[in-house]
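Take a look at the structure below.
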Amino acid sequence: MKDRSIPIIKLHGNLLVSIQVDLDDQLALMLQDDITHEIVKTGASGLILDVSAINIMDSYIARLIDNIGKNARIMGARSVVVGLQPAIAITLVEMGMEMESVETALNLEAGLRLLDEGREEEEEEEDDIEGEES
Amino acid sequence: MNTDKHPWTPSEPLRKKLNEDNVQTEDLLIAVLECFEYLLGSKAFARPIIDQQFRKEDLSMQHPDKEGLVRAIDNLIKVSLCFKSEDMVRQSKNKLLRFVNHCKTDIAQRTVDIISESDIVISRNLGLEMATRLGFSKTDCNKIATTISELARNIVRYAGSGKITIQPLIGDQKGIEILSEDFGSGIENLDEIMGGSYQSKEGLGMGIVGSKRLMDEFDIETGEDGTRIRAVKFLR
Amino acid sequence: MAKKKTKSMDDRYSRVAEIISAASMGDYTQSIEITEQDSFTELEMGMNFMIQNLTEERDRREKAIHELEEKLETIRKQQAAISELSTPIIQIWDSVLTLPVIGVVDSRRSEEMMESLLEEVVETQSQCVIIDVTGVNVVDTKTADHFIKMVKAVKLLGAECIITGISPEIAQTLTNIGIDLTNVKTLRNLRDGLKESLRIMGLGVGKLKTVKRT
């Protein structure tokens, strides 16, 4: 069993990653790899990134998180960042740093709800399309 | 020769030492002595008074303490006002305080050598701690710590090694100063980056432009032999 | 009986100089030991009396300063209260916060506002924030900038942000100074803002089947 430094938890069709340690290049790459593999393995369509333990986020980390979101999107999964600290939100906005490939939610529940709502909409769309086809 | 009309200026040999970036504590103490000997009129009269103040604040070469020094200066200013005009005393005091702010040998100021990624975390946490102690708001503390993180990261990625100095600013405008120094090969498109025309949101550019937005003052000197960045945030 | 040591004139002059020097530094604890009785003694006694008076004067002054400091502290607290009153963060519904902004918004105030607002959002886990600017009369580039940053930061936390109460004049000013509000939800007033917030949360307002009147 591969020894991961950042655990990935499965949660009804979603993956939950809680970032508790400082990310460096090596860890970040490992994390991206692990997430990609898990998405394939579990077929997860949602990824929740819990950043409540991060108290300082510079542009590098923000970009790492955005890249994780980009990768997940390529694999067909939506990413939601939860637990962003207020001071960090202000700093990111002031810096002009945008994380475009991830959505945000206030907490885990809200994040899961966001992902579930998205899934419902998708299913409705698919139903509509199938309805048209038949 | 200083006449009674002019504020104090340091003597020739002292002036050179005080104009350096890193003023030594000994030179600073000598500057204080010179300044008040001038303001109080005579060495014989001034010396015991200055000695007493230094003793009171426990100031010596072995115990440099900027806050204590500023208190001593404040008291000596009060006495000086009995002998010289307010204008002259004030101008002399401002000159002295400017040198005090340039003195890096201070217990409160800290320097972190930046060599590896873990030093980024060390320096920014140190900045966070110092900013909090200085009384900055949570938001400002975060901005300061993030700036340190950006500058330290740039050192690690592009220069290989360098150092970050975090210095509290005392005197009339209180705040914090972050100094980033490295001996890398310099930032190439500095003008483009600062002007905002640098396209890539990656790496060097973003860190510098972002940090500039977070701080109140931001100066960069860069060349073939290295880069020096000074960022300041004032306490509101 | 031991005789008190006789002091030379030099010693006595030095002692007086010492006392003066100490007093100028705020050290009033020294006094002159009177050992002789001559014309100089008057000066020595005078010095001692003077130091004593200075001590009393200093004590009086310190008391006055202390009282002044207390008054200043009260004023500061009142100012903070006024500041809070003028920009309270009100929870007008479960998960809906309102920030009615009144008057002039300077850099410092807007930063404080942003910090309080965002912390409140996280604290109450509110999903919607309505920033009502009906009470804002003057808008320049900086002010508009602050509000846009506030909206972006709220959204970054994962909450919705709506701005209400932009008057036609302000709307015009904003367009003229080139502020782009296309990414910002704006509604006419607080009422519309609340309605929209409820809608976002999947709630609506409907009539109760029966209303019991007492």
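Convention: chains lettered A, B, ... in structure tokens order; per-chain residue numbering from 1; ligands numbered from 1 as shown.
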**Study point:** stretch 4-223 of chain B: residues DSSP assigns to strand (DSSP E or B), reported as a PyMOL selection string
**Key:** chain B and resi 23+103+110-114+162-169+175-182+217-223
Exercise for review: Write out as a VMD selection string which residues come within 10 Å of B:Gly127 when counting only C-alpha atoms, dropping same-chain ones fewer than 3 positions away.
Suggested key: chain B and resid 110 121 to 124 130 to 133 141 to 142 144 to 149 164 to 167 176 to 178
Practice item. Output as a PyMOL selection string the set of chain A residues within 7 Å of chain C, with distances taken over only C-alpha atoms. Key: chain A and resi 84+86+89-90+93+104-106
Can those selected residues be exported to a file as a compact mmCIF listing (two decimals), in the first residue's frame so that it contains N, CA and C atoms?
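Result written to selection.txt:
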# COMPACT_ATOMS: atom_id res chain seq x y z
N LEU A 84 -11.48 28.31 3.25
CA LEU A 84 -10.49 29.36 3.02
C LEU A 84 -10.58 30.39 4.14
N PRO A 86 -10.47 33.95 6.02
CA PRO A 86 -10.81 35.29 5.57
C PRO A 86 -9.60 36.14 5.18
N ALA A 89 -8.36 35.21 1.87
CA ALA A 89 -9.25 35.65 0.78
C ALA A 89 -8.92 37.10 0.42
N ILE A 90 -8.77 37.94 1.45
CA ILE A 90 -8.47 39.35 1.20
C ILE A 90 -7.13 39.48 0.47
N VAL A 93 -7.33 38.46 -3.19
CA VAL A 93 -8.02 39.46 -4.00
C VAL A 93 -7.12 40.66 -4.23
N THR A 104 -15.63 27.54 -4.92
CA THR A 104 -15.41 27.60 -3.48
C THR A 104 -16.71 27.44 -2.73
N ALA A 105 -16.62 26.92 -1.52
CA ALA A 105 -17.80 26.79 -0.66
C ALA A 105 -17.36 27.03 0.77
N LEU A 106 -18.33 27.37 1.60
CA LEU A 106 -18.01 27.75 2.98
C LEU A 106 -17.50 26.61 3.82
Exercise for review: Enumerate the residues of stretch 34-128 of chain A with a DSSP assignment of helix (DSSP H, G or I), computed from the backbone, and present them as a PyMOL selection string.
Suggested key: chain A and resi 34-42+59-74+86-95+108-128
Exercise for review: Please report as a list in words which residues of chain A come no farther than 9 Å from chain B, using only C-alpha atoms.
Suggested key: Asp22, Asp24, Asn55, Ile56, Met57, Asp58, Ser59, Tyr60, Arg63, Pro86, Ala87, Ile88, Ile90, Thr91, Leu92, Glu94, Met95, Gly96 and Met97 of chain A
